[in-house]
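*Asks:* Next comes the structure file upload18.tsv, holding TSV, C-alpha atoms (C1' of nucleotides).
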```tsv
chain	number	residue	atom	x	y	z
A	1	MET	CA	94.95	87.54	99.44
A	2	PRO	CA	94.11	87.86	102.99
A	3	GLU	CA	91.97	89.92	105.24
A	4	LEU	CA	91.01	88.91	108.74
A	5	PRO	CA	88.66	86.04	107.77
A	6	GLU	CA	91.21	84.47	105.44
A	7	VAL	CA	94.00	84.77	108.00
A	8	GLU	CA	91.77	83.30	110.69
A	9	THR	CA	90.85	80.43	108.35
A	10	VAL	CA	94.53	79.74	107.80
A	11	ARG	CA	95.19	79.89	111.54
A	12	ARG	CA	92.49	77.32	112.19
A	13	GLY	CA	93.90	75.09	109.48
A	14	LEU	CA	97.44	75.26	110.78
A	15	ALA	CA	96.74	75.03	114.50
A	16	PRO	CA	96.03	71.27	114.65
A	17	VAL	CA	99.39	70.39	113.09
A	18	MET	CA	101.52	73.18	114.50
A	19	GLU	CA	100.42	73.60	118.12
A	20	GLY	CA	102.47	71.35	120.34
A	21	ALA	CA	104.73	70.26	117.49
A	22	VAL	CA	108.50	70.67	117.48
A	23	ILE	CA	110.10	72.30	114.45
A	24	THR	CA	112.71	69.74	113.44
A	25	ARG	CA	114.06	71.57	110.39
A	26	VAL	CA	113.47	74.78	108.46
A	27	GLU	CA	114.25	75.32	104.79
A	28	GLN	CA	114.57	79.02	104.03
A	29	ARG	CA	114.76	79.06	100.26
A	30	ARG	CA	115.62	82.71	99.60
A	31	ALA	CA	117.16	85.59	101.52
A	32	ASP	CA	114.14	87.90	101.63
A	33	LEU	CA	110.48	88.45	101.02
A	34	ARG	CA	109.65	92.16	101.02
A	35	ALA	CA	112.16	92.47	103.83
A	36	PRO	CA	115.11	90.22	104.60
A	37	PHE	CA	114.46	87.25	106.88
A	38	PRO	CA	115.81	87.90	110.39
A	39	ALA	CA	119.39	86.79	110.97
A	40	GLY	CA	119.66	83.11	111.85
A	41	PHE	CA	116.01	82.53	110.99
A	42	ALA	CA	116.14	78.80	110.34
A	43	LYS	CA	118.62	78.11	113.09
A	44	ARG	CA	116.67	79.99	115.74
A	45	LEU	CA	113.51	78.02	114.92
A	46	THR	CA	115.08	74.59	114.79
A	47	GLY	CA	114.31	72.48	117.86
A	48	ARG	CA	111.69	74.89	119.18
A	49	ARG	CA	108.26	73.69	120.24
A	50	ILE	CA	105.27	75.74	119.05
A	51	VAL	CA	103.27	76.57	122.14
A	52	GLY	CA	100.35	78.30	120.48
A	53	LEU	CA	99.22	79.75	117.17
A	54	GLY	CA	97.39	83.07	117.33
A	55	ARG	CA	96.25	85.92	115.15
A	56	ARG	CA	96.47	89.68	115.64
A	57	ALA	CA	95.09	91.88	112.87
A	58	LYS	CA	96.17	90.15	109.64
A	59	TYR	CA	99.25	88.58	111.25
A	60	LEU	CA	99.72	85.01	112.44
A	61	THR	CA	101.77	84.59	115.60
A	62	ALA	CA	103.41	81.31	116.57
A	63	ALA	CA	104.57	81.43	120.19
A	64	LEU	CA	107.67	79.30	120.76
A	65	ASP	CA	108.91	77.59	123.90
A	66	ASP	CA	111.94	79.90	124.23
A	67	GLY	CA	109.84	83.06	124.51
A	68	THR	CA	110.21	84.06	120.88
A	69	VAL	CA	107.25	84.70	118.61
A	70	LEU	CA	107.33	83.84	114.94
A	71	VAL	CA	105.35	86.63	113.26
A	72	MET	CA	103.92	85.84	109.83
A	73	HIS	CA	101.93	87.84	107.29
A	74	LEU	CA	100.51	86.59	104.01
A	75	GLY	CA	100.80	89.87	102.14
A	76	MET	CA	98.63	89.85	99.02
A	77	SER	CA	99.42	86.41	97.65
A	78	GLY	CA	100.74	84.26	100.50
A	79	SER	CA	99.38	80.84	101.38
A	80	PHE	CA	100.29	77.87	103.52
A	81	ARG	CA	99.79	74.25	102.65
A	82	ILE	CA	100.24	71.23	104.85
A	83	GLU	CA	101.79	68.09	103.43
A	84	THR	CA	102.09	64.73	105.08
A	85	ASP	CA	103.53	61.35	104.18
A	86	GLY	CA	100.62	59.70	105.94
A	87	THR	CA	102.63	58.46	108.90
A	88	GLY	CA	102.59	60.00	112.34
A	89	GLU	CA	99.71	61.52	114.13
A	90	MET	CA	97.72	63.70	111.76
A	91	VAL	CA	94.60	65.60	112.64
A	92	GLY	CA	91.94	66.50	110.11
A	93	ASN	CA	91.48	65.53	106.50
A	94	PRO	CA	92.53	65.87	102.89
A	95	TYR	CA	95.95	67.34	103.46
A	96	HIS	CA	98.20	67.42	100.44
A	97	LYS	CA	100.27	64.34	99.87
A	98	ARG	CA	103.93	65.09	100.09
A	99	SER	CA	105.23	66.14	96.69
A	100	LYS	CA	107.82	68.28	94.97
A	101	LEU	CA	108.21	71.87	96.01
A	102	ARG	CA	106.65	74.42	93.69
A	103	ALA	CA	107.59	77.82	92.37
A	104	HIS	CA	107.45	80.46	95.12
A	105	ASP	CA	107.66	77.97	97.98
A	106	HIS	CA	109.88	80.19	100.18
A	107	VAL	CA	109.83	78.47	103.57
A	108	VAL	CA	109.33	74.84	104.58
A	109	PHE	CA	108.74	73.97	108.25
A	110	HIS	CA	109.38	70.31	109.02
A	111	LEU	CA	107.47	69.25	112.13
A	112	SER	CA	107.90	66.43	114.63
A	113	SER	CA	104.48	65.08	113.63
A	114	GLY	CA	105.88	64.21	110.22
A	115	ALA	CA	103.93	66.99	108.54
A	116	ARG	CA	105.54	69.82	106.71
A	117	VAL	CA	104.07	73.30	106.45
A	118	ILE	CA	105.01	75.22	103.32
A	119	PHE	CA	104.77	78.97	102.83
A	120	ASN	CA	104.21	80.02	99.23
A	121	ASP	CA	104.08	83.67	98.16
A	122	PRO	CA	104.46	84.68	94.49
A	123	ARG	CA	104.47	88.42	95.06
A	124	ARG	CA	106.59	88.24	98.20
A	125	PHE	CA	104.66	90.92	100.06
A	126	GLY	CA	104.51	88.54	103.02
A	127	VAL	CA	106.43	88.83	106.28
A	128	MET	CA	108.37	86.38	108.44
A	129	ASP	CA	109.95	87.80	111.57
A	130	LEU	CA	111.13	86.69	115.00
A	131	VAL	CA	110.31	88.90	117.98
A	132	PRO	CA	110.68	88.32	121.75
A	133	ALA	CA	107.18	87.90	123.20
A	134	SER	CA	107.75	90.72	125.69
A	135	GLU	CA	108.55	93.11	122.84
A	136	LEU	CA	105.68	92.07	120.61
A	137	PRO	CA	103.22	94.86	121.44
A	138	ALA	CA	105.88	97.51	120.82
A	139	SER	CA	107.26	95.79	117.71
A	140	ARG	CA	107.05	97.52	114.36
A	141	HIS	CA	104.32	95.10	113.34
A	142	PHE	CA	101.95	95.84	116.21
A	143	ARG	CA	102.82	99.13	117.85
A	144	ALA	CA	100.40	101.13	115.68
A	145	VAL	CA	97.73	98.48	115.16
A	146	GLY	CA	94.16	99.31	116.14
A	147	ILE	CA	91.38	97.38	117.83
A	148	GLU	CA	90.30	93.85	116.93
A	149	PRO	CA	86.91	94.11	115.22
A	150	LEU	CA	85.72	90.80	116.67
A	151	GLY	CA	86.78	91.66	120.23
A	152	ASN	CA	84.57	93.32	122.82
A	153	GLU	CA	85.81	96.81	122.08
A	154	LEU	CA	84.06	97.40	118.79
A	155	ASP	CA	80.65	99.01	118.99
A	156	GLY	CA	78.98	102.15	117.69
A	157	ALA	CA	80.41	104.32	120.43
A	158	LYS	CA	83.97	103.11	119.78
A	159	LEU	CA	83.60	103.69	116.04
A	160	ALA	CA	82.32	107.20	116.68
A	161	SER	CA	85.23	108.04	118.95
A	162	LEU	CA	87.78	106.59	116.51
A	163	PHE	CA	86.30	108.52	113.59
A	164	ALA	CA	85.39	111.80	115.29
A	165	GLY	CA	86.91	114.79	113.52
A	166	ARG	CA	88.20	112.77	110.56
A	167	ARG	CA	87.43	114.12	107.15
A	168	ALA	CA	88.74	111.13	105.21
A	169	PRO	CA	86.08	109.07	103.43
A	170	LEU	CA	84.59	106.27	105.51
A	171	LYS	CA	86.14	103.80	103.09
A	172	SER	CA	89.66	105.04	103.83
A	173	ALA	CA	89.10	105.25	107.59
A	174	LEU	CA	87.92	101.63	107.69
A	175	MET	CA	90.96	100.54	105.68
A	176	ASP	CA	93.27	102.27	108.17
A	177	GLN	CA	94.80	99.48	110.27
A	178	ARG	CA	95.76	101.97	112.99
A	179	LEU	CA	92.09	102.41	113.83
A	180	ILE	CA	90.55	98.99	113.26
A	181	ALA	CA	92.80	96.06	112.42
A	182	GLY	CA	91.95	93.30	110.01
A	183	LEU	CA	89.54	94.83	107.53
A	184	GLY	CA	90.69	95.10	103.92
A	185	ASN	CA	89.21	96.08	100.60
A	186	ILE	CA	86.58	93.35	100.32
A	187	TYR	CA	85.13	93.43	103.81
A	188	VAL	CA	85.11	97.22	104.01
A	189	CYS	CA	82.99	97.32	100.86
A	190	GLU	CA	80.70	94.58	102.15
A	191	ALA	CA	80.31	96.09	105.62
A	192	LEU	CA	79.44	99.53	104.19
A	193	TRP	CA	76.79	97.97	101.99
A	194	ARG	CA	75.30	96.05	104.91
A	195	ALA	CA	75.22	99.25	106.96
A	196	ARG	CA	73.73	101.22	104.01
A	197	LEU	CA	76.48	103.83	104.33
A	198	SER	CA	78.21	105.61	101.46
A	199	PRO	CA	81.95	104.99	101.20
A	200	ASP	CA	82.36	108.72	100.45
A	201	ARG	CA	80.76	109.98	103.63
A	202	PRO	CA	83.31	111.69	105.89
A	203	ALA	CA	84.30	109.30	108.66
A	204	GLY	CA	83.61	111.99	111.24
A	205	SER	CA	79.94	112.03	110.26
A	206	LEU	CA	79.43	108.87	112.32
A	207	ALA	CA	79.95	110.90	115.49
A	208	THR	CA	77.38	113.30	116.89
A	209	LYS	CA	78.44	116.81	117.96
A	210	ARG	CA	79.01	115.47	121.44
A	211	GLY	CA	81.08	112.63	120.04
A	212	GLY	CA	78.52	109.90	120.57
A	213	PRO	CA	77.51	107.31	117.98
A	214	THR	CA	74.96	108.01	115.26
A	215	VAL	CA	72.49	105.34	114.20
A	216	GLY	CA	74.78	104.70	111.25
A	217	ALA	CA	77.74	104.09	113.53
A	218	LYS	CA	75.82	101.43	115.40
A	219	ARG	CA	74.70	99.82	112.15
A	220	LEU	CA	78.27	99.83	110.86
A	221	ALA	CA	79.74	98.23	113.97
A	222	GLU	CA	77.17	95.49	113.73
A	223	ALA	CA	77.71	95.05	109.99
A	224	ILE	CA	81.48	94.67	110.44
A	225	ARG	CA	80.99	91.97	113.01
A	226	GLU	CA	78.39	90.14	110.97
A	227	VAL	CA	80.30	90.12	107.71
A	228	LEU	CA	83.53	88.96	109.33
A	229	GLU	CA	81.82	86.19	111.27
A	230	ALA	CA	79.94	85.00	108.19
A	231	ALA	CA	83.13	85.02	106.14
A	232	ILE	CA	85.06	83.02	108.74
A	233	ALA	CA	82.23	80.50	108.90
A	234	ALA	CA	82.55	80.13	105.11
A	235	GLY	CA	86.32	79.61	105.24
A	236	GLY	CA	87.11	83.07	103.82
A	237	SER	CA	86.87	84.30	100.22
A	238	SER	CA	88.82	82.71	97.36
A	239	LEU	CA	89.36	85.03	94.42
A	240	ARG	CA	92.83	84.40	93.05
A	241	ASP	CA	95.16	83.26	95.75
A	242	HIS	CA	93.43	82.33	98.97
A	243	ILE	CA	93.34	78.63	99.64
A	244	ARG	CA	92.94	76.85	102.91
A	245	THR	CA	95.80	74.82	104.30
A	246	ASN	CA	94.21	71.60	103.05
A	247	GLY	CA	93.94	72.97	99.51
A	248	GLU	CA	90.22	73.68	99.58
A	249	LEU	CA	88.77	77.02	98.57
A	250	GLY	CA	86.84	79.41	100.79
A	251	ASP	CA	83.20	80.00	99.93
A	252	PHE	CA	82.43	83.55	100.94
A	253	GLN	CA	83.05	85.05	97.48
A	254	HIS	CA	79.65	83.63	96.52
A	255	ALA	CA	78.06	85.79	99.21
A	256	PHE	CA	79.48	89.14	98.04
A	257	ALA	CA	76.80	91.80	97.75
A	258	VAL	CA	78.99	94.42	96.07
A	259	TYR	CA	82.65	93.42	95.75
A	260	ASP	CA	83.60	92.86	92.08
A	261	ARG	CA	79.93	93.24	91.05
A	262	GLU	CA	80.22	96.48	89.06
A	263	GLY	CA	77.23	96.94	86.76
A	264	GLU	CA	75.17	94.24	88.46
A	265	PRO	CA	71.96	94.99	90.33
A	266	CYS	CA	71.97	95.74	94.04
A	267	LEU	CA	70.60	92.81	96.02
A	268	ARG	CA	68.50	95.15	98.12
A	269	ASN	CA	66.69	97.34	95.59
A	270	ASP	CA	65.69	97.29	91.92
A	271	ARG	CA	67.09	100.63	90.84
A	272	GLY	CA	70.55	100.32	92.29
A	273	ILE	CA	73.37	99.32	89.96
A	274	ILE	CA	76.66	98.55	91.68
A	275	ARG	CA	79.31	101.14	90.89
A	276	ARG	CA	83.09	101.05	91.15
A	277	LYS	CA	85.24	104.01	92.09
A	278	VAL	CA	88.73	104.42	93.46
A	279	HIS	CA	89.62	105.57	96.97
A	280	ALA	CA	93.30	105.98	97.77
A	281	GLY	CA	94.22	103.71	94.90
A	282	ARG	CA	91.85	100.86	95.77
A	283	SER	CA	88.62	99.90	94.01
A	284	THR	CA	85.48	100.54	95.99
A	285	PHE	CA	82.21	98.83	95.06
A	286	TYR	CA	78.92	100.24	96.34
A	287	CYS	CA	75.26	100.84	95.58
A	288	PRO	CA	74.67	104.56	94.96
A	289	VAL	CA	70.96	104.15	95.70
A	290	CYS	CA	70.83	102.46	99.10
A	291	GLN	CA	74.19	103.56	100.53
A	292	ARG	CA	73.96	107.15	101.77
B	293	DA	C1'	98.66	115.82	111.48
B	294	DA	C1'	96.22	113.65	108.17
B	295	DG	C1'	95.57	111.98	103.72
B	296	DC	C1'	97.07	110.50	99.31
B	297	DG	C1'	99.92	108.38	95.63
B	298	DA	C1'	103.72	105.45	94.62
B	299	DA	C1'	106.50	101.63	95.40
B	300	DC	C1'	107.31	96.89	96.49
B	301	DC	C1'	106.51	91.98	93.18
B	302	DT	C1'	104.43	88.33	90.10
B	303	DG	C1'	100.71	86.44	87.46
B	304	DG	C1'	96.38	86.47	85.12
B	305	DC	C1'	93.26	88.53	82.14
B	306	DT	C1'	91.81	91.80	78.28
B	307	DG	C1'	92.24	93.88	74.10
B	308	DC	C1'	94.76	95.05	70.07
C	309	DT	C1'	99.96	83.78	68.92
C	310	DG	C1'	102.22	87.67	71.07
C	311	DC	C1'	102.61	91.43	73.67
C	312	DA	C1'	101.40	95.68	76.12
C	313	DG	C1'	98.63	97.36	79.64
C	314	DC	C1'	95.88	96.96	83.58
C	315	DC	C1'	94.44	94.91	87.78
C	316	DA	C1'	94.86	92.23	92.20
C	317	DG	C1'	92.65	90.47	99.07
C	318	DG	C1'	98.54	94.66	101.96
C	319	DT	C1'	101.87	97.64	103.98
C	320	DT	C1'	105.09	101.38	104.12
C	321	DC	C1'	107.40	105.49	102.67
C	322	DG	C1'	107.52	110.13	101.36
C	323	DC	C1'	105.31	114.20	99.85
C	324	DT	C1'	101.72	117.76	100.39
```
What do you get writing this file as structure tokens?

*Replies:*
Amino acid sequence: MPELPEVETVRRGLAPVMEGAVITRVEQRRADLRAPFPAGFAKRLTGRRIVGLGRRAKYLTAALDDGTVLVMHLGMSGSFRIETDGTGEMVGNPYHKRSKLRAHDHVVFHLSSGARVIFNDPRRFGVMDLVPASELPASRHFRAVGIEPLGNELDGAKLASLFAGRRAPLKSALMDQRLIAGLGNIYVCEALWRARLSPDRPAGSLATKRGGPTVGAKRLAEAIREVLEAAIAAGGSSLRDHIRTNGELGDFQHAFAVYDREGEPCLRNDRGIIRRKVHAGRSTFYCPVCQR
DNA sequence: AAGCGAACCTGGCTGC
DNA sequence: TGCAGCCAGGTTCGCT
């Protein structure tokens, strides 16, 4: 399910019930997701207070009061839901009423507020790991992760320097988490359309001979920022799996210009018909007329 | 080194 | 209705 906007939406949904709460009990309902849970997972979390809930790339990070960080990833199909029995101090609205666990509910965090936070992941591509905070940057999850697209680093010049000399298609370079972290298939397609750039153009073509940014590089940096911010404001995109922690859907799928619109007209010109092609095994949607 | 395809899993949809 | 085949928002491994 999740690219940066969906993960950020989930973070914002979970933060009010998780930050400051103590984990009173953890139900780990199977031995592994894609990888085994870390040894003593439930035990090491029990009794810990969650100091803060953050996001890096497509990962959620819950900092605990003993200096450990709970690292979580939603994979393709992961989601969290918050349930409450209505007692205790609850922030926000229509949380799920407490009910029976469902298929693919793999982890249940019971919190001191009375809420429980449930991780569900049918395909089990998600990640749950425990890492000492001091080792987080060098951990296998983050050591090779690139810049945050919503931070101050991303601009045309940075894009040009990241892409200089690369012959891979722009589509693939933008999908590469080692360069820019957090973009996935949907938002890469949408950002390229907004920047009027072809997904097939070599990534290195966004750098001038001297390595500076082309006009296209500047447009692309701006487009990435804009599309991510708009998607977060809409609560992310709900296609199959993404739901917010209160059970509501995101809205940004209604704002797609190209993603999953093969055969439909381009929103920017009459002659363009959205095409689909495959880059490195992933569908790319684009307008062959206005994206060059 | 960089780039690509396959693998990891389940579920939903399409077409026969 | 049933079933095979294809596709899905991510990451990682292994081969060129």

*Asks:* Counting all atoms listed in the file, which residues of chain A come no farther than 9 Å from chain B, as a ChimeraX atom specification?

*Replies:* /A:34,122-125,166-168,240,280-281

*Asks:* Please, which residues of chain A lie no more than 8 Å from chain C when the count uses only C-alpha atoms (C1' of nucleotides), and can they be set out as a ChimeraX atom specification?

*Replies:* /A:1-3,75-76,125,184-186,239

*Asks:* I need the residues from that last selection saved to file as a compact mmCIF listing (two decimals), in the frame of the given file (with C-alpha atoms), if you can.

*Replies:*
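Output file result_13.txt is given in full below:
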```txt
# COMPACT_ATOMS: atom_id res chain seq x y z
CA MET A 1 94.95 87.54 99.44
CA PRO A 2 94.11 87.86 102.99
CA GLU A 3 91.97 89.92 105.24
CA GLY A 75 100.80 89.87 102.14
CA MET A 76 98.63 89.85 99.02
CA PHE A 125 104.66 90.92 100.06
CA GLY A 184 90.69 95.10 103.92
CA ASN A 185 89.21 96.08 100.60
CA ILE A 186 86.58 93.35 100.32
CA LEU A 239 89.36 85.03 94.42
```

*Asks:* Find the residue from A:Ile147, A:Ala63, A:Val127, A:Leu14 that sits nearest to Arg48 in chain A; use all atoms listed in the file when measuring.

*Replies:*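 Nearest to Arg48 in chain A: A:Ala63.
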